[in-house]
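Participant: Got a file for you: final.cif, mmCIF, C-alpha atoms.
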data_protein
loop_
_atom_site.label_atom_id
_atom_site.label_comp_id
_atom_site.auth_asym_id
_atom_site.auth_seq_id
_atom_site.Cartn_x
_atom_site.Cartn_y
_atom_site.Cartn_z
CA MET A 1 -20.43 -4.15 8.05
CA PRO A 2 -16.80 -3.47 9.02
CA LYS A 3 -15.59 0.08 8.98
CA ARG A 4 -13.81 1.05 5.77
CA TYR A 5 -11.31 3.72 4.81
CA GLY A 6 -11.46 5.29 1.35
CA TRP A 7 -11.04 3.16 -1.80
CA ASN A 8 -13.08 0.42 -0.09
CA THR A 9 -10.23 -0.50 2.28
CA PRO A 10 -11.53 -2.59 5.21
CA VAL A 11 -10.44 -1.93 8.78
CA THR A 12 -9.32 -5.24 10.32
CA ALA A 13 -7.18 -4.04 13.25
CA ILE A 14 -7.17 -1.23 15.77
CA GLY A 15 -4.97 1.81 15.26
CA PRO A 16 -4.78 5.60 15.41
CA GLN A 17 -7.47 7.80 13.92
CA GLY A 18 -6.82 9.83 10.80
CA GLY A 19 -6.89 13.18 12.58
CA SER A 20 -4.47 11.96 15.24
CA MET A 21 -2.05 10.72 12.60
CA LEU A 22 -2.22 14.00 10.68
CA ARG A 23 -1.43 15.93 13.85
CA SER A 24 1.57 13.64 14.41
CA ILE A 25 2.99 14.04 10.91
CA LYS A 26 5.94 16.14 12.10
CA SER A 27 7.02 13.55 14.67
CA ILE A 28 6.43 10.73 12.18
CA THR A 29 8.93 12.25 9.76
CA SER A 30 11.41 13.67 12.27
CA ASP A 31 11.39 10.89 14.87
CA PRO A 32 9.70 7.77 13.45
CA LEU A 33 11.16 5.45 16.11
CA THR A 34 9.44 7.30 18.94
CA TYR A 35 6.18 7.50 16.99
CA LEU A 36 6.20 3.77 16.23
CA GLU A 37 7.00 2.94 19.87
CA ALA A 38 4.11 5.09 21.07
CA THR A 39 1.75 3.52 18.52
CA TRP A 40 2.79 0.01 19.54
CA SER A 41 2.42 0.89 23.24
CA GLU A 42 -1.10 2.22 22.71
CA PHE A 43 -2.54 -0.29 20.24
CA GLY A 44 -0.58 -3.52 20.57
CA ASP A 45 1.32 -5.92 18.35
CA VAL A 46 -0.70 -5.51 15.14
CA VAL A 47 -1.76 -1.99 14.25
CA GLN A 48 -3.58 -0.68 11.19
CA PHE A 49 -2.86 2.90 10.18
CA PRO A 50 -5.68 5.07 8.79
CA ILE A 51 -4.27 4.93 5.28
CA PRO A 52 -6.75 4.00 2.57
CA LYS A 53 -4.40 2.70 -0.13
CA PRO A 54 -2.58 0.51 0.41
CA ALA A 55 -3.99 -0.79 3.68
CA THR A 56 -1.00 -0.41 6.03
CA TYR A 57 -0.17 -2.52 9.08
CA LEU A 58 2.56 -2.47 11.73
CA VAL A 59 3.57 -5.89 13.11
CA THR A 60 5.71 -5.96 16.25
CA SER A 61 5.32 -9.37 17.89
CA PRO A 62 8.03 -12.02 17.44
CA GLU A 63 5.43 -14.53 16.25
CA GLY A 64 3.90 -12.01 13.84
CA ALA A 65 7.29 -11.09 12.39
CA ARG A 66 8.05 -14.77 11.82
CA GLU A 67 4.68 -15.30 10.15
CA VAL A 68 5.31 -12.49 7.66
CA LEU A 69 9.02 -13.07 6.97
CA VAL A 70 9.29 -16.85 7.28
CA ASN A 71 6.06 -18.83 7.22
CA GLN A 72 4.31 -16.73 4.57
CA HIS A 73 7.29 -15.39 2.64
CA ASN A 74 5.95 -16.85 -0.62
CA GLU A 75 2.81 -14.78 -0.15
CA THR A 76 4.64 -11.47 0.11
CA SER A 77 6.64 -9.24 -2.23
CA LYS A 78 9.37 -6.61 -1.94
CA ARG A 79 7.57 -4.33 -4.38
CA THR A 80 7.08 -1.65 -1.74
CA LEU A 81 7.86 2.06 -1.62
CA GLN A 82 10.90 1.36 0.58
CA TYR A 83 12.61 -1.02 -1.83
CA ASN A 84 11.42 0.73 -5.00
CA ASN A 85 13.17 3.91 -3.85
CA LEU A 86 16.25 2.03 -2.70
CA SER A 87 16.50 0.45 -6.16
CA LEU A 88 17.12 3.95 -7.58
CA VAL A 89 20.56 3.63 -5.94
CA THR A 90 21.28 -0.11 -5.98
CA GLY A 91 19.29 -1.12 -9.05
CA GLU A 92 17.74 -4.59 -9.06
CA GLY A 93 20.45 -6.15 -6.94
CA LEU A 94 20.02 -8.93 -4.40
CA LEU A 95 18.63 -6.59 -1.74
CA THR A 96 15.77 -5.10 -3.77
CA ALA A 97 15.03 -7.77 -6.40
CA ASP A 98 11.61 -9.35 -6.15
CA THR A 99 11.27 -13.10 -5.71
CA GLN A 100 11.39 -14.27 -9.32
CA ALA A 101 14.66 -12.45 -10.07
CA TRP A 102 16.06 -12.95 -6.58
CA ARG A 103 16.05 -16.77 -6.33
CA PRO A 104 18.54 -17.57 -9.13
CA ARG A 105 20.76 -14.62 -8.15
CA ARG A 106 20.89 -15.81 -4.54
CA ARG A 107 21.94 -19.31 -5.63
CA MET A 108 24.56 -17.84 -7.94
CA LEU A 109 26.15 -15.61 -5.24
CA GLN A 110 26.07 -18.16 -2.42
CA PRO A 111 29.58 -19.58 -3.18
CA ALA A 112 31.08 -16.17 -2.41
CA PHE A 113 29.76 -16.46 1.17
CA HIS A 114 30.67 -20.05 1.99
CA LYS A 115 32.56 -20.56 5.28
CA GLU A 116 35.90 -20.76 3.51
CA MET A 117 35.32 -17.45 1.75
CA VAL A 118 34.13 -15.78 4.95
CA ALA A 119 37.28 -16.96 6.73
CA LEU A 120 39.44 -15.32 4.05
CA SER A 121 37.91 -11.94 4.92
CA VAL A 122 39.95 -11.97 8.16
CA ASN A 123 42.97 -10.87 6.12
CA HIS A 124 41.10 -7.80 4.90
CA ILE A 125 39.80 -7.04 8.40
CA GLU A 126 43.35 -7.15 9.77
CA ALA A 127 44.63 -4.93 6.96
CA GLY A 128 41.88 -2.38 7.59
CA LEU A 129 42.57 -2.36 11.32
CA ALA A 130 46.29 -1.86 10.69
CA LYS A 131 45.48 1.28 8.68
CA LEU A 132 43.17 2.51 11.43
CA ASP A 133 45.85 1.94 14.06
CA ALA A 134 48.36 3.92 12.01
CA GLN A 135 45.94 6.84 11.61
CA TRP A 136 45.06 6.88 15.30
CA LEU A 137 48.71 6.58 16.37
CA GLU A 138 49.45 9.74 14.42
CA LEU A 139 46.47 11.53 15.97
CA THR A 140 47.45 10.50 19.51
CA SER A 141 51.18 11.19 19.23
CA GLU A 142 50.83 13.71 22.06
CA GLY A 143 48.42 11.72 24.23
CA THR A 144 44.73 11.72 23.39
CA ALA A 145 42.55 12.77 20.48
CA ILE A 146 38.86 13.14 19.74
CA VAL A 147 37.62 11.24 16.70
CA ASP A 148 34.22 10.63 15.15
CA ILE A 149 33.87 6.89 15.69
CA ASP A 150 30.94 6.82 13.27
CA HIS A 151 33.07 8.14 10.42
CA ALA A 152 35.91 5.82 11.39
CA MET A 153 33.66 2.75 11.32
CA MET A 154 32.15 3.79 7.97
CA SER A 155 35.59 4.12 6.39
CA LEU A 156 36.88 0.91 7.93
CA ALA A 157 33.82 -1.12 6.89
CA LEU A 158 34.00 0.20 3.32
CA GLU A 159 37.67 -0.74 2.99
CA ILE A 160 36.98 -4.24 4.30
CA THR A 161 33.93 -4.72 2.07
CA CYS A 162 35.72 -3.63 -1.09
CA GLY A 163 38.78 -5.71 -0.25
CA ALA A 164 36.93 -8.87 0.74
CA LEU A 165 34.25 -8.86 -1.96
CA PHE A 166 35.96 -7.12 -4.87
CA GLY A 167 39.71 -7.36 -4.21
CA ILE A 168 40.26 -3.61 -4.51
CA ASP A 169 41.88 -0.99 -2.29
CA VAL A 170 39.72 2.15 -2.01
CA ASP A 171 41.99 3.98 0.43
CA ASP A 172 42.23 7.16 -1.67
CA ASP A 173 38.49 7.26 -2.41
CA VAL A 174 37.01 6.08 0.86
CA ASP A 175 35.71 9.47 2.07
CA GLU A 176 34.19 10.25 -1.31
CA ILE A 177 32.40 6.92 -1.56
CA THR A 178 31.08 6.97 2.01
CA SER A 179 29.80 10.51 1.49
CA ALA A 180 28.09 9.51 -1.76
CA THR A 181 26.51 6.52 -0.03
CA LEU A 182 25.06 8.64 2.77
CA ILE A 183 23.75 11.32 0.38
CA ALA A 184 22.12 8.71 -1.84
CA LEU A 185 20.50 6.91 1.11
CA HIS A 186 19.22 10.15 2.61
CA GLY A 187 17.65 10.81 -0.78
CA VAL A 188 15.98 7.40 -0.66
CA VAL A 189 14.46 8.14 2.75
CA ALA A 190 13.30 11.63 1.75
CA ARG A 191 11.48 10.16 -1.24
CA ALA A 192 9.93 7.36 0.83
CA ARG A 193 8.57 9.87 3.36
CA ASN A 194 7.10 12.14 0.69
CA PRO A 195 3.74 10.85 -0.59
CA ILE A 196 4.26 12.80 -3.84
CA SER A 197 7.85 12.16 -4.91
CA ILE A 198 9.06 14.13 -7.91
CA PRO A 199 10.55 11.85 -10.60
CA LEU A 200 14.33 11.59 -10.31
CA GLY A 201 14.78 13.01 -13.80
CA PHE A 202 13.27 16.35 -12.73
CA PRO A 203 16.17 18.69 -11.75
CA THR A 204 15.21 19.66 -8.21
CA PRO A 205 18.12 20.36 -5.81
CA ALA A 206 17.41 17.11 -3.93
CA ASN A 207 17.24 15.09 -7.14
CA LEU A 208 20.47 16.62 -8.43
CA ARG A 209 22.27 15.78 -5.16
CA MET A 210 21.01 12.21 -5.34
CA LYS A 211 21.98 11.82 -9.02
CA ARG A 212 25.50 13.13 -8.31
CA ALA A 213 25.82 10.61 -5.47
CA ILE A 214 24.64 7.75 -7.69
CA LYS A 215 27.08 8.85 -10.39
CA ARG A 216 29.91 8.69 -7.81
CA LEU A 217 28.89 5.17 -6.83
CA ASP A 218 28.83 4.20 -10.51
CA LYS A 219 32.38 5.55 -10.80
CA ALA A 220 33.40 3.26 -7.93
CA VAL A 221 31.79 0.29 -9.71
CA ASP A 222 33.71 1.14 -12.91
CA ALA A 223 36.98 1.30 -10.94
CA ILE A 224 36.30 -2.12 -9.42
CA LEU A 225 35.62 -3.67 -12.83
CA SER A 226 38.64 -1.99 -14.41
CA SER A 227 40.89 -3.28 -11.64
CA ARG A 228 39.68 -6.85 -12.13
CA ASN A 229 40.14 -6.65 -15.90
CA LEU A 230 43.80 -5.79 -15.27
CA ASN A 231 44.24 -8.65 -12.79
CA LYS A 232 42.55 -11.63 -14.41
CA LEU A 233 43.45 -15.11 -13.23
CA PRO A 234 43.53 -18.26 -15.38
CA ALA A 235 40.12 -19.73 -16.16
CA ASP A 236 40.71 -22.71 -13.84
CA ALA A 237 41.77 -20.56 -10.86
CA PRO A 238 39.69 -20.90 -7.65
CA ILE A 239 37.09 -18.30 -6.74
CA ARG A 240 38.72 -15.41 -4.86
CA ASP A 241 35.69 -13.27 -4.06
CA MET A 242 32.20 -12.25 -5.06
CA LEU A 243 33.43 -10.40 -8.14
CA ASP A 244 34.78 -13.67 -9.57
CA VAL A 245 31.29 -15.12 -9.25
CA LEU A 246 29.67 -12.15 -10.98
CA LEU A 247 32.14 -12.20 -13.87
CA ASP A 248 32.19 -15.99 -14.36
CA PRO A 249 31.79 -16.55 -18.13
CA ASP A 250 30.56 -20.10 -17.50
CA LEU A 251 27.39 -19.03 -15.72
CA GLU A 252 24.33 -20.77 -17.10
CA ILE A 253 22.95 -17.32 -17.92
CA PRO A 254 25.81 -14.75 -17.87
CA LEU A 255 24.94 -11.47 -16.21
CA THR A 256 24.50 -8.31 -18.21
CA LYS A 257 26.69 -5.28 -17.52
CA GLN A 258 23.73 -3.62 -15.74
CA GLN A 259 23.12 -6.67 -13.54
CA ILE A 260 26.79 -6.78 -12.55
CA ARG A 261 26.68 -3.05 -11.77
CA ASP A 262 23.58 -3.50 -9.61
CA GLU A 263 25.11 -6.28 -7.51
CA ILE A 264 28.37 -4.39 -6.96
CA ALA A 265 26.49 -1.21 -6.03
CA THR A 266 24.23 -3.20 -3.69
CA PHE A 267 27.17 -4.64 -1.77
CA ILE A 268 29.12 -1.37 -1.70
CA VAL A 269 26.10 0.27 -0.06
CA ALA A 270 24.60 -2.52 2.04
CA GLY A 271 27.84 -4.35 2.76
CA HIS A 272 29.47 -1.51 4.65
CA GLU A 273 26.64 0.80 5.76
CA THR A 274 24.92 -1.80 7.93
CA VAL A 275 28.10 -3.10 9.62
CA ALA A 276 29.32 0.45 10.24
CA SER A 277 26.00 1.41 11.83
CA ALA A 278 26.08 -1.62 14.12
CA LEU A 279 29.67 -0.88 15.18
CA THR A 280 28.95 2.78 15.86
CA TRP A 281 26.11 1.92 18.22
CA ALA A 282 28.18 -0.87 19.80
CA TRP A 283 30.79 1.74 20.78
CA HIS A 284 28.03 4.00 22.09
CA LEU A 285 26.72 1.17 24.27
CA LEU A 286 30.21 0.26 25.48
CA VAL A 287 31.35 3.77 26.42
CA THR A 288 28.07 4.42 28.24
CA ASN A 289 28.36 1.05 30.02
CA PRO A 290 32.05 1.12 31.05
CA GLU A 291 31.73 -2.08 33.07
CA GLU A 292 30.88 -3.95 29.85
CA LEU A 293 33.76 -2.27 28.06
CA GLN A 294 36.14 -3.41 30.80
CA LYS A 295 34.82 -6.98 30.52
CA LEU A 296 35.55 -6.86 26.80
CA LYS A 297 39.08 -5.55 27.39
CA ASN A 298 39.70 -8.39 29.85
CA ASP A 299 38.16 -11.03 27.61
CA PRO A 300 38.05 -10.12 23.88
CA THR A 301 36.21 -13.37 23.11
CA ARG A 302 33.13 -11.55 24.43
CA ALA A 303 33.16 -9.38 21.30
CA GLN A 304 30.64 -11.62 19.51
CA LEU A 305 28.22 -11.34 22.43
CA VAL A 306 28.61 -7.56 22.42
CA PHE A 307 28.09 -7.28 18.67
CA ASP A 308 25.00 -9.49 18.68
CA GLU A 309 23.47 -7.53 21.57
CA SER A 310 24.27 -4.24 19.82
CA LEU A 311 22.44 -5.51 16.75
CA ARG A 312 19.46 -6.28 18.96
CA LEU A 313 19.25 -2.81 20.49
CA TYR A 314 20.24 -0.88 17.37
CA PRO A 315 19.33 -3.01 14.34
CA PRO A 316 20.72 -1.13 11.32
CA ALA A 317 17.79 -2.20 9.13
CA TRP A 318 15.22 -0.92 11.61
CA VAL A 319 12.24 -1.39 9.32
CA ILE A 320 11.35 -4.15 6.84
CA THR A 321 8.40 -3.84 4.48
CA ARG A 322 6.43 -6.36 2.45
CA ARG A 323 3.40 -6.21 0.15
CA THR A 324 0.97 -9.07 0.66
CA LEU A 325 0.12 -11.11 -2.43
CA SER A 326 -2.85 -12.82 -0.76
CA ASP A 327 -4.86 -12.52 2.45
CA LEU A 328 -2.71 -13.30 5.51
CA THR A 329 -3.64 -13.93 9.13
CA VAL A 330 -1.08 -12.51 11.55
CA ASP A 331 -1.66 -12.76 15.30
CA ASP A 332 -5.34 -13.55 14.55
CA VAL A 333 -5.67 -10.37 12.48
CA LEU A 334 -6.70 -10.58 8.82
CA ILE A 335 -4.35 -8.61 6.57
CA PRO A 336 -5.88 -8.37 3.09
CA ALA A 337 -4.03 -8.94 -0.16
CA ASN A 338 -2.16 -5.91 -1.57
CA SER A 339 -1.60 -4.50 1.91
CA LEU A 340 1.66 -2.95 3.10
CA VAL A 341 3.10 -4.72 6.15
CA ILE A 342 5.76 -2.95 8.22
CA VAL A 343 7.88 -5.20 10.44
CA SER A 344 10.18 -3.19 12.68
CA PRO A 345 13.16 -5.05 14.18
CA TRP A 346 13.58 -2.02 16.47
CA LEU A 347 10.23 -2.87 18.09
CA VAL A 348 10.36 -6.66 17.78
CA HIS A 349 13.70 -6.57 19.64
CA ARG A 350 12.08 -4.54 22.41
CA ASN A 351 9.06 -6.79 22.80
CA PRO A 352 8.97 -8.43 26.27
CA LYS A 353 7.37 -11.47 24.66
CA ALA A 354 10.80 -12.22 23.21
CA TRP A 355 13.23 -10.65 25.68
CA GLU A 356 13.60 -10.21 29.42
CA ASN A 357 14.44 -6.62 30.35
CA PRO A 358 14.44 -5.79 26.61
CA THR A 359 15.83 -2.25 26.73
CA ALA A 360 18.89 -3.16 28.81
CA PHE A 361 22.34 -3.72 27.29
CA MET A 362 23.10 -7.29 28.41
CA PRO A 363 25.56 -9.10 26.10
CA ASP A 364 25.50 -12.20 28.31
CA ARG A 365 21.95 -12.94 27.17
CA PHE A 366 23.54 -14.35 23.98
CA LYS A 367 25.68 -16.91 25.80
CA ALA A 368 22.94 -19.46 25.12
CA GLY A 369 23.18 -18.74 21.39
CA THR A 370 21.10 -16.74 18.95
CA PRO A 371 17.36 -17.27 19.45
CA GLN A 372 15.18 -18.38 16.57
CA LEU A 373 12.32 -16.06 17.49
CA GLY A 374 12.33 -12.33 18.13
CA TYR A 375 15.83 -11.59 16.75
CA ILE A 376 15.86 -10.34 13.16
CA PRO A 377 18.73 -7.85 12.60
CA PHE A 378 19.52 -9.66 9.33
CA GLY A 379 15.91 -10.35 8.38
CA ALA A 380 14.64 -13.92 8.51
CA GLY A 381 13.56 -16.83 6.38
CA ALA A 382 14.49 -17.30 2.75
CA ARG A 383 15.62 -13.68 2.44
CA LEU A 384 17.95 -13.76 5.43
CA CYS A 385 20.92 -11.51 4.62
CA ILE A 386 23.47 -13.47 2.58
CA GLY A 387 26.33 -11.63 4.31
CA LYS A 388 25.18 -12.37 7.87
CA GLU A 389 28.17 -14.49 8.93
CA MET A 390 30.69 -12.18 7.27
CA ALA A 391 29.14 -9.20 9.06
CA ARG A 392 29.18 -10.97 12.44
CA LEU A 393 32.82 -11.98 11.98
CA GLU A 394 33.80 -8.48 10.91
CA GLY A 395 31.94 -6.82 13.79
CA SER A 396 33.36 -9.09 16.48
CA GLN A 397 36.94 -8.90 15.15
CA ILE A 398 36.86 -5.10 15.03
CA LEU A 399 35.41 -4.75 18.53
CA ALA A 400 37.93 -7.21 19.96
CA HIS A 401 40.95 -5.52 18.35
CA ILE A 402 40.06 -1.91 19.12
CA SER A 403 38.99 -2.61 22.71
CA THR A 404 42.31 -4.31 23.49
CA THR A 405 44.45 -1.76 21.65
CA TRP A 406 42.80 1.57 22.44
CA ASN A 407 41.11 3.37 25.29
CA ILE A 408 37.73 4.63 24.06
CA GLU A 409 35.86 7.12 26.25
CA ALA A 410 32.68 9.12 25.86
CA VAL A 411 33.18 12.84 25.20
CA HIS A 412 29.85 13.67 26.81
CA ASN A 413 27.10 11.68 28.46
CA SER A 414 24.13 13.29 26.75
CA GLN A 415 21.73 11.12 24.80
CA VAL A 416 22.75 10.62 21.17
CA PRO A 417 19.89 11.53 18.81
CA ILE A 418 19.15 8.92 16.17
CA ASP A 419 18.66 9.60 12.49
CA ALA A 420 16.36 6.75 11.38
CA SER A 421 17.42 6.79 7.75
CA VAL A 422 17.84 3.62 5.68
CA THR A 423 19.96 2.51 8.64
CA LEU A 424 20.20 3.96 12.15
CA ARG A 425 22.84 6.69 12.36
CA PRO A 426 23.81 9.27 15.00
CA VAL A 427 22.51 12.68 13.91
CA ALA A 428 25.80 14.54 14.10
CA GLY A 429 28.37 11.78 14.31
CA MET A 430 29.63 10.20 17.51
CA PRO A 431 32.76 11.83 18.98
CA VAL A 432 34.83 9.76 21.39
CA ARG A 433 38.20 10.32 23.06
CA ILE A 434 40.90 7.81 22.14
CA SER A 435 44.33 7.05 23.56
CA ARG A 436 46.76 4.19 23.11
CA LEU A 437 46.14 1.41 25.61
CA VAL A 438 49.23 0.75 27.71
CA LYS A 439 49.62 -3.00 28.15
#
Output the structure of this file as structure tokens.
Facilitator:
Amino acid sequence: MPKRYGWNTPVTAIGPQGGSMLRSIKSITSDPLTYLEATWSEFGDVVQFPIPKPATYLVTSPEGAREVLVNQHNETSKRTLQYNNLSLVTGEGLLTADTQAWRPRRRMLQPAFHKEMVALSVNHIEAGLAKLDAQWLELTSEGTAIVDIDHAMMSLALEITCGALFGIDVDDDVDEITSATLIALHGVVARARNPISIPLGFPTPANLRMKRAIKRLDKAVDAILSSRNLNKLPADAPIRDMLDVLLDPDLEIPLTKQQIRDEIATFIVAGHETVASALTWAWHLLVTNPEELQKLKNDPTRAQLVFDESLRLYPPAWVITRRTLSDLTVDDVLIPANSLVIVSPWLVHRNPKAWENPTAFMPDRFKAGTPQLGYIPFGAGARLCIGKEMARLEGSQILAHISTTWNIEAVHNSQVPIDASVTLRPVAGMPVRISRLVK
């Protein structure tokens, strides 16, 4: 008879013992990346945690990740604690919707991310960078200045997202919206890490903070819709952006007001938070590897290589969860139906089965193109991020422009602690010293 945890949960893979996991609870909540790395190092590519319900597995091999996210995607669901809590902020938008609701919505939104539409986002990227240049020129009027590059990338990414997808300028509200986004996402993580989450309607301090943040995001959604109502185009006008798709009266099944709200909120949050995180860590990697920064200054076409490699080492969505709908076999391990499967891009990207010298910052490894196995910063399979190409274009354009316009230097060389929230963020921002690059 196989060993079983409580509630008749079978043990089908090796993993830590219950006592060991309880003793590690502080490090699990405060530094989950280190805990997951240690667990992977000790037990291998498929680990079962001593959790009775649901049976919980960590998958870290490139082949295992592909099996869960690609080959068996029809046998898994997004009805997990991670996405259920995230839906408190985004609603049932494209990111959190389960398969039945997701498929028609994905088909409906796809025209907003065709190549022609992605190319149009360059105008919004250039406009955002022009604003950033103006702000930094004022700050550096007497030489150099110290700025939080994390905050700068958050603001820049939000402006570009709202301009490219919704045709709205959020310049006056950018700090408020980015702050609300971070507060709401921290609330999501706090709830996911607490096995007994208090319902959001109960007025605890944490719940009240989260509700205020969601209310601020709703205000941003209302402003976006109001702006479009004042700037309607003729019915036969071409699609300008994603908002045109959402508001199209000729949809086979027109969206409700709540469904439109959920998609706008989803892309406000996911559309800028992930790109900003990737850019922040790209600057960290560049200033701590000055030879790579100099290569980029000399040849800005390398920006795509740098951005892709930054996504490998610091994938914003560092954990992906699925609930199994049937028994799965992953790396010769049986994972029963109704199990929770955790796929961590942070670990998959560090697996030597997929990458040579996996912890090194080596942008040139992408000269041969993006590999099909072991690289999942945007997910994989049917639920690959719809905004992947827009994000890659945005990231590379921003890195190329800033590196050839500004000197960016580290303020200190100490290790930057990581806050593994919904995305990976530096704990206390990321200060850098900037000065105008003399050409």
Participant: Quick one: distance from atom CA of A:Val432 to atom CA of A:Leu305 in Å, one decimal?
Facilitator: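 Distance reported for this atom pair: 22.1 Å.
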Participant: Considering only C-alpha atoms, return as a list in words whatever protein or nucleic-acid residues lie within 12 Å of A:Arg212, sequence-local ones (same chain, fewer than 6 positions apart) excluded.
Facilitator: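 Those residues are Val89, Glu176, Ile177, Ser179, Ala180, Thr181, Leu182, Ile183, Ala184, Gly187, Leu200, Pro203, Pro205, Ala206, Asp218 and Lys219 of chain A.
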Participant: Using all atoms listed in the file, list the residues that have an atom at most 10 Å from (10.4, 8.7, 3.1), coordinates as in the file, as a list in words.
Facilitator: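 The distance filter leaves exactly Thr29, Leu81, Gln82, Asn85, His186, Gly187, Val188, Val189, Ala190, Arg191, Ala192, Arg193, Asn194, Pro195, Ser197, Ser421 and Val422 of chain A.
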Participant: What would the file look like if the residues just selected were written as an mmCIF file, keeping the file's coordinate frame with C-alpha atoms?
Facilitator:
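File selection.cif, as written:
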data_model
loop_
_atom_site.group_PDB
_atom_site.id
_atom_site.type_symbol
_atom_site.label_atom_id
_atom_site.label_comp_id
_atom_site.auth_asym_id
_atom_site.auth_seq_id
_atom_site.Cartn_x
_atom_site.Cartn_y
_atom_site.Cartn_z
ATOM 1 C CA THR A 29 8.930 12.250 9.760
ATOM 2 C CA LEU A 81 7.860 2.060 -1.620
ATOM 3 C CA GLN A 82 10.900 1.360 0.580
ATOM 4 C CA ASN A 85 13.170 3.910 -3.850
ATOM 5 C CA HIS A 186 19.220 10.150 2.610
ATOM 6 C CA GLY A 187 17.650 10.810 -0.780
ATOM 7 C CA VAL A 188 15.980 7.400 -0.660
ATOM 8 C CA VAL A 189 14.460 8.140 2.750
ATOM 9 C CA ALA A 190 13.300 11.630 1.750
ATOM 10 C CA ARG A 191 11.480 10.160 -1.240
ATOM 11 C CA ALA A 192 9.930 7.360 0.830
ATOM 12 C CA ARG A 193 8.570 9.870 3.360
ATOM 13 C CA ASN A 194 7.100 12.140 0.690
ATOM 14 C CA PRO A 195 3.740 10.850 -0.590
ATOM 15 C CA SER A 197 7.850 12.160 -4.910
ATOM 16 C CA SER A 421 17.420 6.790 7.750
ATOM 17 C CA VAL A 422 17.840 3.620 5.680
#
Participant: List, as a ChimeraX atom specification, every residue that the PyMOL selection byres ((chain A and resi 37-40) around 9) selects in the file provided.
Facilitator: /A:15-16,32-36,41-47,58-60,346-347
Participant: Translate the PyMOL selection byres ((chain A and resi 162-167) around 9) into a concrete residue list for this structure, as number ranges by chain.
Facilitator: A: 112, 117-118, 120-125, 157-161, 168-170, 224-225, 227-228, 240-244, 264, 267-268, 271-272
